[in-house]
Each structure stands twice: as structure tokens, then as C-alpha cells.
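To keep things clear, I will list the structure first and then write my remarks on it.
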Amino acid sequence: MSRLGRVLVMLVCAFGALTAGAWRYALAADEAAPQIKEYKPNISAREYEKRYNAVYGKYTEQMAEEGNPADFMLDDGKDLFSKVEGSAGKSCASCHGANGEKLKGAAAGFPKYDPATKGINTVALQINRCREDHMGAAPLKYESYDQLALDLYVKSLSNGVPIKVSIDGPARPFYEAGKAYYYKRHGQFNFSCALCHVKYSGHMMRANLLSNNRHHADHWPSYRLKWAGTGSLQRRFRGCNKNVRQKPLPFECETYRDLQLYLTYQANGLPIQVPGFKM
Amino acid sequence: MRTSNLAALGLTLVVFLALSAAAMAGGNAENGKKIVQARNLGNCAACHVVPGMEFPGDVGPDLAKSMEGYAAKDRDTVWQWVWDARKFDPDTIMPPFGPNKLLTKEQVDDVVEYLYSIKKK
């Protein structure tokens, strides 16, 4: 083989090796973080606030004056907190203090990664795990009155505490999964959560204002006039799923917990305010 | 007996042909209006200003105004917007009414006919 031929072969081999390397690097980068093109809201934050006040302003003021119907549920939650249940003869108060002193601020860090289950833990899930592991009591059925009442009371102990959810380390993939779900198109209408609540937030969809996701996770459980009752954020997820004609998912399933982590992270820094009051 | 059967068959045929001819002519604006307004079908006012409908959304453009840009020869384009707007904007929020079986081809024909009827002349 001539010298030129050898040089050519070497060049081809070097080029092949380089492209293969770049290809593998590109694949690895792809697996690490799926590329999601995030939306920017069409409407500025100031304009959004103006529109929000125009649609809901005076109603929320009236509600604040007249009180929140979910306050009754909160009182029942407080009673349940010190009710002895299960084989260990304990109540929540046995470990967490008569007025839940030891839980003040605890809810601000939820949802959070739990090394024991290698998954995301919500307050609702944590309460049921405590009941099973430490009280020897049966878990409460999600979205039942007692479950919501206890969840509401435990969260109310952190009222006013800024939300501080971590997505570092092992929580990161769950956050990314929640974000992927948020940006994926769903249902017969082919909407994604982000289309309405990021890109078009502040626009009107018939007589409804499309709300901005910054405030979606800081006030649940909430009393909602449409339900004429109190429900959780995940009940609201199910409602949204139905609105886009998609089959709703079960309470506290992995997807909803990831989604809750993603949304709560958007509310980082805002104070917890439960029970909320929604239209 | 036999004659009446034949007559009935003939009449059915005539009606059927008349109906298909009407469909081929491009839909029925009155039906289209009903589809546009029905919450379980078009529900167009959720996002668009639609003549005669209160509390319209402002996600999409005013329908009567946006029709100003389309002449009679652009019928296929208007039809495609309703059927599947992703052809013009892959990231559109507008539901793909045809492919996702929200409306049938005949219903889209009717909606398009209605859209031309509200076009400002």
C-alpha cells in the first residue's frame, strides 16, 4: 500500500472513531435529560395579575370575609390527630406532640424523595405509612373524609412556612418525569398541561381564566365551589384529565406524585395556605 | 303491492341521491352553526369569538375576522384548519377534530359552510 493509501485509511479510521464517539455522547446526553422545549407565557406576570383580579378578585375577597367551609374539616382533622387507633395504641399526637408541635414546617418539604421506597412521598402517603408502620392502623382511603381532614390538619401546621421542595440528587429523575408528563399531549383534545397553564395562562377559555402554574400547589386541600366540597390537588388533576377527555389516573399513583413534585417545585418560596378556597 | 314497493325503493334512491348531492355541494351552514355552538361538539367559543355567543375565549382569533383572509377557492385550507390544524402549526393548541374523531367529515363540511356564512362581506 502506498504512503498516500495508508494516510487515507488512517484518516477514515480516525473520522469513524470520532463520529462513533460523538454519536454515543449524543445518545448518553439524550438519555440523561429528555429535551423539552419549555414554553414562555404569552401574557406578562403583571397583566396576568390584573386579569386574575378582574375575574376572581371580588369573589375571593367576599370568601375571605365569610370564612372557608373547609375550616370544619380542619377541626375534625385536629380531633383525628389525637385519636388513638391501631394495635400499637397510639395516635399521631403520641409521637408528634399534642398540637403537632414537631410537625411545624414539615409539610413545606413535601413531596420529597424517600430512600426506603425509592420513590416520591406526599404528605398523604406519609400519613398512611405512619399509620401502618408505627400505629398498626389501617391506611385511610384516599380522598375519604378522614384522610382529607388529617392531611389538611397536618399541612395547616406549616401554614405561612415557605414551600421548600428539593429536586436535587435522587429526586431529579422524578421531577423530570413530572415535567415530561406536564408537557406531553393528552386525551382526545390533545392538550398538554403546559399549553394551558404556561403558554396561554391568563387567556380566557370561555368564561374561565386559564391559571398560571406558579400558584397551583400551595393551597391544597381546598374547598372548591364546583365540587361543593373539599378535595386534594390530585382530585383536581383527575378533573383536568377528564376535561381533556383522558382517562383519569388513580390517587397517589407514581405519575400523579411526580406531577405533584413538579408543580410544588414551581411554588417554591410561596407560603403554604390551607385550606384554600377555589371557584 | 309490488308496484308500491318499487315506488318506495325509487323514492328512497331519489332522497339518498339528493342528500349526497347536498353533502357534495359542501355542507349545511345551519347544521354547522349547531355544531360550532354545541359544547359537546365544536365548542368553538371556548377559544374563539363566535357571532352571537357570550363569554367567548381569547385563545384563538375571532372567527369572522379570520375568515376575511379566505376566498371561496381557499375552501380546502379552511377545511384543513378545522380537520387538523397541526398541518399549519405543529404545536397548535387547536384540537385535531378529524383525526381524534371529535367531528366527522360531514360535520367539518357543515362547519366550513357556516364559517363562510359568517365571513364579513
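We label chains A, B, ... in the order they appear in the C-alpha cells, count residues from 1 in each chain, and number ligands from 1 in the order shown.
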
Closest atom pairs, chain B residues within 7 Å of chain A, only C-alpha atoms, as a Markdown table:
```
| residue | atom | partner | partner_atom | distance |
| --- | --- | --- | --- | --- |
| B:Ala45 | CA | A:Arg206 | CA | 6.2 |
| B:Ala46 | CA | A:Arg206 | CA | 4.2 |
| B:Cys47 | CA | A:Met205 | CA | 5.5 |
| B:Phe55 | CA | A:Ala207 | CA | 5.3 |
| B:Pro56 | CA | A:Arg206 | CA | 4.8 |
| B:Gly57 | CA | A:Arg206 | CA | 4.2 |
| B:Asp58 | CA | A:Met204 | CA | 5.4 |
| B:Val59 | CA | A:His203 | CA | 6.0 |
| B:Ile93 | CA | A:Phe191 | CA | 6.5 |
| B:Pro95 | CA | A:Phe189 | CA | 4.9 |
| B:Asn100 | CA | A:Gln188 | CA | 5.8 |
```

Requested in this report: Find the residues around Val36 of chain B up to 10 Å (only C-alpha atoms counted), leave out those fewer than 5 positions away in its own chain, and share them as a ChimeraX atom specification.
Outcome: /B:30-31,41-45,50,107-108,110-112,114-115

**Report entry** Distance of atom CA of Gly269 of chain A from atom CA of Ser44 of chain A, expressed in Å to one decimal place
**Finding:**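 So the two atoms, atom CA of Ser44 of chain A and atom CA of Gly269 of chain A, lie 19.9 Å apart.
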
**Report entry** d(atom CA of Thr117 of chain A, atom CA of Lys179 of chain A) in Å
**Finding:** 21.0 Å

Requested in this report: Would you please extract all strand (DSSP E or B) residues from segment 104-260 of chain A, as assigned by DSSP on the backbone, and give them as a PyMOL selection string?
Outcome: chain A and resi 112-114+119-121+162+186+191+204-205+208-209+222-224+229-231

For the selection just defined, write its residues with C-alpha atoms to a file, as an mmCIF file, in the first residue's frame.
```cif
data_model
loop_
_atom_site.group_PDB
_atom_site.id
_atom_site.type_symbol
_atom_site.label_atom_id
_atom_site.label_comp_id
_atom_site.auth_asym_id
_atom_site.auth_seq_id
_atom_site.Cartn_x
_atom_site.Cartn_y
_atom_site.Cartn_z
ATOM 1 C CA LYS A 112 -39.871 14.539 48.765
ATOM 2 C CA TYR A 113 -37.714 11.577 47.793
ATOM 3 C CA ASP A 114 -37.972 8.620 50.161
ATOM 4 C CA GLY A 119 -39.949 6.998 45.148
ATOM 5 C CA ILE A 120 -41.667 10.299 45.844
ATOM 6 C CA ASN A 121 -43.544 10.671 49.095
ATOM 7 C CA PRO A 162 -42.403 28.984 52.547
ATOM 8 C CA HIS A 186 -53.047 14.066 26.398
ATOM 9 C CA PHE A 191 -53.758 19.278 25.169
ATOM 10 C CA MET A 204 -59.825 33.136 28.738
ATOM 11 C CA MET A 205 -61.187 29.720 27.836
ATOM 12 C CA ASN A 208 -62.682 30.602 32.716
ATOM 13 C CA LEU A 209 -59.321 32.227 33.209
ATOM 14 C CA SER A 222 -59.088 23.298 49.122
ATOM 15 C CA TYR A 223 -62.797 23.944 49.296
ATOM 16 C CA ARG A 224 -63.993 24.206 45.715
ATOM 17 C CA GLY A 229 -66.777 20.193 48.923
ATOM 18 C CA THR A 230 -63.151 19.862 49.849
ATOM 19 C CA GLY A 231 -60.681 17.877 47.792
#
```

**Report entry** Distance of atom CA of Lys50 of chain A from atom CA of Tyr181 of chain A, expressed in Å to one decimal place
**Finding:**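 These two atoms are separated by 29.5 Å.
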
**Report entry** Near-His96 of chain A list (12 Å; only C-alpha atoms; drop same-chain fewer than 3 positions) as a ChimeraX atom specification
**Finding:** /A:81-82,90-93,99-104,106,127,130,134,154,157

Now that the selection is made, can you save its residues with N, CA and C atoms as an mmCIF file, in the first residue's frame?
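Once written, result-v2.cif looks like this:
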```cif
data_model
loop_
_atom_site.group_PDB
_atom_site.id
_atom_site.type_symbol
_atom_site.label_atom_id
_atom_site.label_comp_id
_atom_site.auth_asym_id
_atom_site.auth_seq_id
_atom_site.Cartn_x
_atom_site.Cartn_y
_atom_site.Cartn_z
ATOM 1 N N PHE A 81 -56.195 13.703 64.796
ATOM 2 C CA PHE A 81 -54.760 13.704 65.082
ATOM 3 C C PHE A 81 -54.477 13.100 66.456
ATOM 4 N N SER A 82 -55.383 13.335 67.391
ATOM 5 C CA SER A 82 -55.128 12.776 68.732
ATOM 6 C C SER A 82 -56.003 11.561 69.043
ATOM 7 N N LYS A 90 -51.557 3.922 69.726
ATOM 8 C CA LYS A 90 -51.019 5.287 69.590
ATOM 9 C C LYS A 90 -51.924 6.144 68.720
ATOM 10 N N SER A 91 -51.726 7.446 68.873
ATOM 11 C CA SER A 91 -52.324 8.391 67.923
ATOM 12 C C SER A 91 -51.177 9.156 67.269
ATOM 13 N N CYS A 92 -51.484 10.015 66.295
ATOM 14 C CA CYS A 92 -50.421 10.836 65.686
ATOM 15 C C CYS A 92 -49.741 11.660 66.771
ATOM 16 N N ALA A 93 -50.589 12.174 67.714
ATOM 17 C CA ALA A 93 -50.082 13.070 68.755
ATOM 18 C C ALA A 93 -49.085 12.373 69.683
ATOM 19 N N ASN A 99 -50.250 19.138 70.022
ATOM 20 C CA ASN A 99 -50.745 20.042 68.977
ATOM 21 C C ASN A 99 -49.884 19.968 67.712
ATOM 22 N N GLY A 100 -49.245 18.829 67.555
ATOM 23 C CA GLY A 100 -48.411 18.625 66.365
ATOM 24 C C GLY A 100 -47.213 19.541 66.297
ATOM 25 N N GLU A 101 -46.694 19.957 67.488
ATOM 26 C CA GLU A 101 -45.579 20.920 67.503
ATOM 27 C C GLU A 101 -44.414 20.447 66.630
ATOM 28 N N LYS A 102 -44.166 19.115 66.690
ATOM 29 C CA LYS A 102 -42.972 18.615 65.989
ATOM 30 C C LYS A 102 -43.157 18.589 64.468
ATOM 31 N N LEU A 103 -44.369 18.847 64.013
ATOM 32 C CA LEU A 103 -44.611 18.813 62.559
ATOM 33 C C LEU A 103 -44.653 20.197 61.941
ATOM 34 N N LYS A 104 -44.426 21.223 62.752
ATOM 35 C CA LYS A 104 -44.478 22.592 62.202
ATOM 36 C C LYS A 104 -43.416 22.753 61.128
ATOM 37 N N ALA A 106 -43.007 20.916 58.582
ATOM 38 C CA ALA A 106 -42.630 19.646 57.926
ATOM 39 C C ALA A 106 -43.219 19.546 56.518
ATOM 40 N N ILE A 127 -48.651 9.977 55.784
ATOM 41 C CA ILE A 127 -49.585 9.760 56.892
ATOM 42 C C ILE A 127 -50.014 8.289 56.919
ATOM 43 N N CYS A 130 -47.180 6.092 58.170
ATOM 44 C CA CYS A 130 -47.055 6.215 59.621
ATOM 45 C C CYS A 130 -48.110 5.354 60.313
ATOM 46 N N HIS A 134 -46.205 2.594 62.333
ATOM 47 C CA HIS A 134 -45.998 2.969 63.734
ATOM 48 C C HIS A 134 -47.240 2.832 64.609
ATOM 49 N N VAL A 154 -52.490 18.341 59.103
ATOM 50 C CA VAL A 154 -51.018 18.240 59.122
ATOM 51 C C VAL A 154 -50.394 19.356 58.288
ATOM 52 N N LEU A 157 -50.369 22.867 59.904
ATOM 53 C CA LEU A 157 -49.316 23.121 60.890
ATOM 54 C C LEU A 157 -48.149 23.877 60.266
#
```

Contacts of Trp83 of chain B at 7 Å (only C-alpha atoms; same-chain gap of 2+ positions) as a PDB file with N, CA, C and O atoms, in the first residue's frame:
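See out.pdb below for the written result:
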```
ATOM      1  N   TRP B  79     -60.990  24.039   5.487  1.00  0.00           N
ATOM      2  CA  TRP B  79     -61.379  22.682   5.889  1.00  0.00           C
ATOM      3  C   TRP B  79     -60.247  22.022   6.676  1.00  0.00           C
ATOM      4  O   TRP B  79     -60.459  21.425   7.730  1.00  0.00           O
ATOM      5  N   GLN B  80     -59.018  22.180   6.185  1.00  0.00           N
ATOM      6  CA  GLN B  80     -57.857  21.568   6.842  1.00  0.00           C
ATOM      7  C   GLN B  80     -57.626  22.173   8.223  1.00  0.00           C
ATOM      8  O   GLN B  80     -57.276  21.457   9.162  1.00  0.00           O
ATOM      9  N   TRP B  81     -57.879  23.484   8.380  1.00  0.00           N
ATOM     10  CA  TRP B  81     -57.730  24.120   9.693  1.00  0.00           C
ATOM     11  C   TRP B  81     -58.640  23.454  10.715  1.00  0.00           C
ATOM     12  O   TRP B  81     -58.237  23.196  11.840  1.00  0.00           O
ATOM     13  N   ALA B  85     -55.375  21.202  12.442  1.00  0.00           N
ATOM     14  CA  ALA B  85     -54.599  22.442  12.295  1.00  0.00           C
ATOM     15  C   ALA B  85     -53.105  22.210  12.435  1.00  0.00           C
ATOM     16  O   ALA B  85     -52.307  23.107  12.168  1.00  0.00           O
ATOM     17  N   PRO B  96     -57.156  18.364  17.149  1.00  0.00           N
ATOM     18  CA  PRO B  96     -57.289  17.795  15.808  1.00  0.00           C
ATOM     19  C   PRO B  96     -58.667  17.141  15.657  1.00  0.00           C
ATOM     20  O   PRO B  96     -58.837  15.953  15.929  1.00  0.00           O
ATOM     21  N   PHE B  97     -59.648  17.948  15.262  1.00  0.00           N
ATOM     22  CA  PHE B  97     -61.050  17.494  15.276  1.00  0.00           C
ATOM     23  C   PHE B  97     -61.289  16.250  14.426  1.00  0.00           C
ATOM     24  O   PHE B  97     -62.065  15.386  14.802  1.00  0.00           O
ATOM     25  N   GLY B  98     -60.589  16.158  13.276  1.00  0.00           N
ATOM     26  CA  GLY B  98     -60.789  14.999  12.404  1.00  0.00           C
ATOM     27  C   GLY B  98     -60.105  13.750  12.924  1.00  0.00           C
ATOM     28  O   GLY B  98     -60.772  12.785  13.318  1.00  0.00           O
ATOM     29  N   VAL B 108     -67.448  18.493   9.571  1.00  0.00           N
ATOM     30  CA  VAL B 108     -66.457  19.518   9.229  1.00  0.00           C
ATOM     31  C   VAL B 108     -66.925  20.289   7.991  1.00  0.00           C
ATOM     32  O   VAL B 108     -66.798  21.516   7.928  1.00  0.00           O
TER      33      VAL B 108
END
```
